[in-house]
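Everything on this sheet refers to the single structure shown next.
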Amino acid sequence: MLTVSKVIPGGKGLAAVLLKRAAQVELSWDVRQKSRFEATDSHGRTLGVFLQRGAVVRGGDVLVADDGSLVRVLAAPQPVMLIHACAEHGSPFDLTRAAYHLGNRHVTIELQPDHLKIEPDTVLADMLRRMHLTVVDAHDAFEPEGGAYQSGHAGHAHEEGHGHAHGHGHGNDHHRHDHGHDHHHDHGHAHGKAEGHGHVHGPGCQHDH
């Protein structure tokens, strides 16, 4: 058994030729969020992985074994649910609303520009369909969003020294607004889609009504 105690996020700094030659290992999300696990790589070797507690392994990361050999991690396809806005009557905001409600339930979510991805759950699927979203079962890799303060990586971290600071008084005059005018607007018009909005959802929506 090869012992692994180091992971290189995204294989950063490794030459492309080394990554091409490296063995591979396919791991589900359930395994990749554990700091202790065993797996078998594409060369048939058993890996005993011992990472820092709380470590999360992502697809594209590279494990480094105690003998110096490299093993590239692939996110294994697994059962998931894909959540889209209704193609006929929905809007991108529907996905934002869905992500909010799922987050309130502490559901692990993969965020994509045009859809959300979660692990299968019939109760959540029913809730989302009642919100007029389209939910379909799929078999795909799962890379959920990490917490904003999570030490692990999820491909969204800002590099240190990225060139602009966001401190108070950063000197950008266009951010300093004078709000001396009165805000006496008449908001008599209707906003958004009220309950009982009355539009008909076609069969393409895959909603339960």
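Ordering of the structure tokens sets the chain letters (A, B, ...), residue numbers begin anew at 1 in every chain, and ligands are numbered from 1 in the order given.
Using only C-alpha atoms, the protein and nucleic acid residues lying no more than 7 Å from Cys86 (chain A), apart from those fewer than 2 places from it along its own chain, are His84, Glu88, His89, Gly90, His132, Leu133, Thr134 and Cys205 of chain A.
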**Request:** Pick out the residues sitting within 12 Å of His106 (chain A), and hand them over as a ChimeraX atom specification; count only C-alpha atoms, and ignore anything fewer than 4 positions along from it in its own chain.
**Result:** /A:99-102,118,124,145,147
**Message:** Counting only C-alpha atoms, which residue out of A:Ser69, A:Ser5, A:Gln112, A:Thr40 sits closest to Ile83 (chain A)?
**Reply:** A:Gln112
**Message:** as a ChimeraX atom specification, please: the residues near Ala55 (chain A) (cut-off 7 Å, only C-alpha atoms, same-chain neighbours under 2 positions excluded).
**Reply:** /A:33,35,51-53,57,152
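Candidate residues A:Ser42, A:Ala85, A:Ala15, A:Asp126 were compared for distance to Asp114 (chain A), and the nearest is A:Ala85, using only C-alpha atoms.
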**Asked** Which residues, written as a ChimeraX atom specification, have at least one atom at most 10 Å from region 22-24 of chain A, with only C-alpha atoms counted and residues fewer than 5 positions away on the same chain left out?
**Response** /A:16-17,40-45,60,62-63,69-74
Could you save those same residues with N, CA and C atoms as a short mmCIF file (atom, residue, chain, number, x, y, z; two decimals), in the first residue's frame?
data_model
loop_
_atom_site.label_atom_id
_atom_site.label_comp_id
_atom_site.auth_asym_id
_atom_site.auth_seq_id
_atom_site.Cartn_x
_atom_site.Cartn_y
_atom_site.Cartn_z
N ALA A 16 3.15 19.74 -17.26
CA ALA A 16 2.08 19.02 -17.96
C ALA A 16 2.48 17.58 -18.26
N VAL A 17 3.75 17.37 -18.56
CA VAL A 17 4.20 16.01 -18.90
C VAL A 17 4.10 15.09 -17.68
N THR A 40 -8.04 2.60 -5.01
CA THR A 40 -7.15 1.90 -5.94
C THR A 40 -6.98 2.77 -7.18
N ASP A 41 -5.73 3.06 -7.56
CA ASP A 41 -5.49 3.92 -8.72
C ASP A 41 -5.49 3.12 -10.02
N SER A 42 -5.30 3.82 -11.14
CA SER A 42 -5.37 3.19 -12.46
C SER A 42 -4.23 2.21 -12.72
N HIS A 43 -3.20 2.19 -11.88
CA HIS A 43 -2.11 1.22 -11.98
C HIS A 43 -2.35 0.01 -11.07
N GLY A 44 -3.49 -0.02 -10.43
CA GLY A 44 -3.83 -1.15 -9.56
C GLY A 44 -3.23 -1.08 -8.18
N ARG A 45 -2.68 0.06 -7.82
CA ARG A 45 -2.05 0.20 -6.51
C ARG A 45 -3.07 0.66 -5.47
N GLY A 60 -9.11 17.01 -10.28
CA GLY A 60 -7.97 17.78 -10.80
C GLY A 60 -6.84 17.93 -9.80
N VAL A 62 -3.87 16.63 -7.25
CA VAL A 62 -2.87 15.57 -7.40
C VAL A 62 -2.43 15.10 -6.02
N LEU A 63 -2.57 13.81 -5.79
CA LEU A 63 -2.08 13.21 -4.56
C LEU A 63 -0.61 12.85 -4.72
N SER A 69 5.53 9.27 -6.04
CA SER A 69 4.69 9.12 -7.22
C SER A 69 3.44 9.99 -7.12
N LEU A 70 2.93 10.38 -8.29
CA LEU A 70 1.79 11.29 -8.37
C LEU A 70 0.54 10.54 -8.82
N VAL A 71 -0.60 10.91 -8.26
CA VAL A 71 -1.86 10.30 -8.65
C VAL A 71 -2.87 11.43 -8.84
N ARG A 72 -3.36 11.57 -10.09
CA ARG A 72 -4.31 12.64 -10.39
C ARG A 72 -5.73 12.20 -10.05
N VAL A 73 -6.45 13.06 -9.35
CA VAL A 73 -7.81 12.74 -8.90
C VAL A 73 -8.83 13.15 -9.96
N LEU A 74 -9.76 12.25 -10.25
CA LEU A 74 -10.89 12.54 -11.12
C LEU A 74 -12.17 12.45 -10.29
#
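Counting only C-alpha atoms, the residue from A:Leu47, A:Leu95, A:Leu82, A:Val56 that sits nearest to Val25 (chain A) is A:Leu47.
Within region 49-89 of chain A, DSSP applied to the backbone places the following residues in strand (DSSP E): Val49, Phe50, Val62, Leu63, Val64, Ala65, Leu70, Val71, Arg72, Val73, Leu74, Ala75, Gln78, Pro79, Val80, Met81, Leu82, Ile83, His84 and Ala85 of chain A.
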**Request:** Extract the full set of alpha helix (DSSP H) residues from region 6-103 of chain A according to DSSP on the backbone, and format it as a list in words.
**Result:** Ala16, Val17, Leu18, Leu19, Lys20, Arg21, Trp29, Asp30, Val31, Arg32, Pro92, Phe93, Asp94, Leu95, Thr96, Arg97, Ala98, Ala99, Tyr100, His101, Leu102 and Gly103 of chain A
Expected file contents, prior selection, N, CA and C atoms, as an mmCIF file, in the first residue's frame:
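Output file out21.cif is given in full below:
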data_model
loop_
_atom_site.group_PDB
_atom_site.id
_atom_site.type_symbol
_atom_site.label_atom_id
_atom_site.label_comp_id
_atom_site.auth_asym_id
_atom_site.auth_seq_id
_atom_site.Cartn_x
_atom_site.Cartn_y
_atom_site.Cartn_z
ATOM 1 N N ALA A 16 3.149 19.736 -17.256
ATOM 2 C CA ALA A 16 2.079 19.020 -17.955
ATOM 3 C C ALA A 16 2.482 17.584 -18.264
ATOM 4 N N VAL A 17 3.753 17.366 -18.563
ATOM 5 C CA VAL A 17 4.201 16.015 -18.899
ATOM 6 C C VAL A 17 4.099 15.094 -17.681
ATOM 7 N N LEU A 18 4.333 15.635 -16.490
ATOM 8 C CA LEU A 18 4.211 14.826 -15.266
ATOM 9 C C LEU A 18 2.756 14.451 -15.000
ATOM 10 N N LEU A 19 1.865 15.417 -15.238
ATOM 11 C CA LEU A 19 0.449 15.139 -15.033
ATOM 12 C C LEU A 19 -0.058 14.101 -16.025
ATOM 13 N N LYS A 20 0.447 14.162 -17.247
ATOM 14 C CA LYS A 20 0.020 13.217 -18.274
ATOM 15 C C LYS A 20 0.448 11.799 -17.937
ATOM 16 N N ARG A 21 1.620 11.667 -17.328
ATOM 17 C CA ARG A 21 2.142 10.341 -16.983
ATOM 18 C C ARG A 21 1.590 9.789 -15.675
ATOM 19 N N TRP A 29 -17.832 12.151 -4.505
ATOM 20 C CA TRP A 29 -17.795 13.263 -3.556
ATOM 21 C C TRP A 29 -17.799 12.755 -2.124
ATOM 22 N N ASP A 30 -18.523 11.691 -1.863
ATOM 23 C CA ASP A 30 -18.587 11.147 -0.507
ATOM 24 C C ASP A 30 -17.192 10.780 0.000
ATOM 25 N N VAL A 31 -16.354 10.240 -0.876
ATOM 26 C CA VAL A 31 -14.990 9.868 -0.485
ATOM 27 C C VAL A 31 -14.094 11.094 -0.433
ATOM 28 N N ARG A 32 -14.240 12.001 -1.387
ATOM 29 C CA ARG A 32 -13.319 13.138 -1.493
ATOM 30 C C ARG A 32 -13.440 14.141 -0.347
ATOM 31 N N PRO A 92 -33.575 33.364 -14.717
ATOM 32 C CA PRO A 92 -32.389 33.017 -13.917
ATOM 33 C C PRO A 92 -32.571 33.272 -12.424
ATOM 34 N N PHE A 93 -33.417 34.236 -12.060
ATOM 35 C CA PHE A 93 -33.637 34.528 -10.640
ATOM 36 C C PHE A 93 -34.240 33.330 -9.911
ATOM 37 N N ASP A 94 -34.984 32.487 -10.629
ATOM 38 C CA ASP A 94 -35.569 31.304 -10.000
ATOM 39 C C ASP A 94 -34.489 30.411 -9.407
ATOM 40 N N LEU A 95 -33.326 30.332 -10.081
ATOM 41 C CA LEU A 95 -32.215 29.530 -9.561
ATOM 42 C C LEU A 95 -31.627 30.166 -8.304
ATOM 43 N N THR A 96 -31.544 31.487 -8.287
ATOM 44 C CA THR A 96 -31.056 32.180 -7.089
ATOM 45 C C THR A 96 -31.966 31.886 -5.905
ATOM 46 N N ARG A 97 -33.271 31.948 -6.155
ATOM 47 C CA ARG A 97 -34.241 31.665 -5.103
ATOM 48 C C ARG A 97 -34.117 30.220 -4.623
ATOM 49 N N ALA A 98 -33.930 29.290 -5.564
ATOM 50 C CA ALA A 98 -33.780 27.882 -5.196
ATOM 51 C C ALA A 98 -32.523 27.671 -4.359
ATOM 52 N N ALA A 99 -31.415 28.298 -4.766
ATOM 53 C CA ALA A 99 -30.157 28.165 -4.021
ATOM 54 C C ALA A 99 -30.319 28.703 -2.595
ATOM 55 N N TYR A 100 -31.082 29.783 -2.441
ATOM 56 C CA TYR A 100 -31.332 30.350 -1.107
ATOM 57 C C TYR A 100 -32.066 29.336 -0.224
ATOM 58 N N HIS A 101 -33.130 28.753 -0.750
ATOM 59 C CA HIS A 101 -33.916 27.811 0.054
ATOM 60 C C HIS A 101 -33.133 26.528 0.345
ATOM 61 N N LEU A 102 -32.341 26.071 -0.603
ATOM 62 C CA LEU A 102 -31.514 24.887 -0.364
ATOM 63 C C LEU A 102 -30.435 25.190 0.677
ATOM 64 N N GLY A 103 -29.855 26.378 0.583
ATOM 65 C CA GLY A 103 -28.837 26.770 1.554
ATOM 66 C C GLY A 103 -29.388 26.848 2.963
#
**Prompt:** Leaving out Pro120 (chain A) and any residue of its chain fewer than 4 positions from it, which residues lie within 10 Å of it when counting only C-alpha atoms, given as a VMD selection string?
**Reply:** chain A and resid 78 to 82 124 to 125 136 to 138
Written selection (N, CA, C and O atoms) as a PDB file, in the first residue's frame:
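Saved as result.pdb:
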ATOM      1  N   GLN A  78     -21.621  10.257 -10.468  1.00  0.00           N
ATOM      2  CA  GLN A  78     -22.472   9.703  -9.421  1.00  0.00           C
ATOM      3  C   GLN A  78     -23.894  10.211  -9.623  1.00  0.00           C
ATOM      4  O   GLN A  78     -24.125  11.168 -10.378  1.00  0.00           O
ATOM      5  N   PRO A  79     -24.882   9.605  -8.970  1.00  0.00           N
ATOM      6  CA  PRO A  79     -26.256  10.089  -9.098  1.00  0.00           C
ATOM      7  C   PRO A  79     -26.388  11.515  -8.553  1.00  0.00           C
ATOM      8  O   PRO A  79     -25.931  11.801  -7.447  1.00  0.00           O
ATOM      9  N   VAL A  80     -26.987  12.391  -9.335  1.00  0.00           N
ATOM     10  CA  VAL A  80     -27.229  13.779  -8.925  1.00  0.00           C
ATOM     11  C   VAL A  80     -28.578  14.218  -9.488  1.00  0.00           C
ATOM     12  O   VAL A  80     -29.174  13.535 -10.318  1.00  0.00           O
ATOM     13  N   MET A  81     -29.041  15.369  -9.020  1.00  0.00           N
ATOM     14  CA  MET A  81     -30.219  16.008  -9.588  1.00  0.00           C
ATOM     15  C   MET A  81     -29.799  17.348 -10.190  1.00  0.00           C
ATOM     16  O   MET A  81     -29.101  18.139  -9.536  1.00  0.00           O
ATOM     17  N   LEU A  82     -30.211  17.591 -11.431  1.00  0.00           N
ATOM     18  CA  LEU A  82     -29.933  18.851 -12.114  1.00  0.00           C
ATOM     19  C   LEU A  82     -31.178  19.733 -12.028  1.00  0.00           C
ATOM     20  O   LEU A  82     -32.285  19.300 -12.344  1.00  0.00           O
ATOM     21  N   LEU A 124     -36.707  17.164  -1.580  1.00  0.00           N
ATOM     22  CA  LEU A 124     -36.227  18.413  -2.162  1.00  0.00           C
ATOM     23  C   LEU A 124     -36.691  18.562  -3.605  1.00  0.00           C
ATOM     24  O   LEU A 124     -37.026  19.662  -4.052  1.00  0.00           O
ATOM     25  N   ALA A 125     -36.715  17.453  -4.339  1.00  0.00           N
ATOM     26  CA  ALA A 125     -37.171  17.501  -5.729  1.00  0.00           C
ATOM     27  C   ALA A 125     -38.616  17.996  -5.789  1.00  0.00           C
ATOM     28  O   ALA A 125     -38.968  18.842  -6.632  1.00  0.00           O
ATOM     29  N   VAL A 136     -34.284  17.076 -12.941  1.00  0.00           N
ATOM     30  CA  VAL A 136     -34.084  15.807 -13.639  1.00  0.00           C
ATOM     31  C   VAL A 136     -32.948  15.032 -12.971  1.00  0.00           C
ATOM     32  O   VAL A 136     -31.992  15.624 -12.444  1.00  0.00           O
ATOM     33  N   ASP A 137     -33.050  13.724 -12.996  1.00  0.00           N
ATOM     34  CA  ASP A 137     -31.980  12.864 -12.476  1.00  0.00           C
ATOM     35  C   ASP A 137     -30.884  12.727 -13.519  1.00  0.00           C
ATOM     36  O   ASP A 137     -31.143  12.716 -14.725  1.00  0.00           O
ATOM     37  N   ALA A 138     -29.645  12.630 -13.051  1.00  0.00           N
ATOM     38  CA  ALA A 138     -28.509  12.494 -13.958  1.00  0.00           C
ATOM     39  C   ALA A 138     -27.410  11.702 -13.264  1.00  0.00           C
ATOM     40  O   ALA A 138     -27.474  11.408 -12.064  1.00  0.00           O
TER      41      ALA A 138
END
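With distances restricted to only C-alpha atoms, A:Ala141 is the closest residue to Glu119 (chain A) from A:Ala39, A:Phe50, A:Asn104, A:Ala141.
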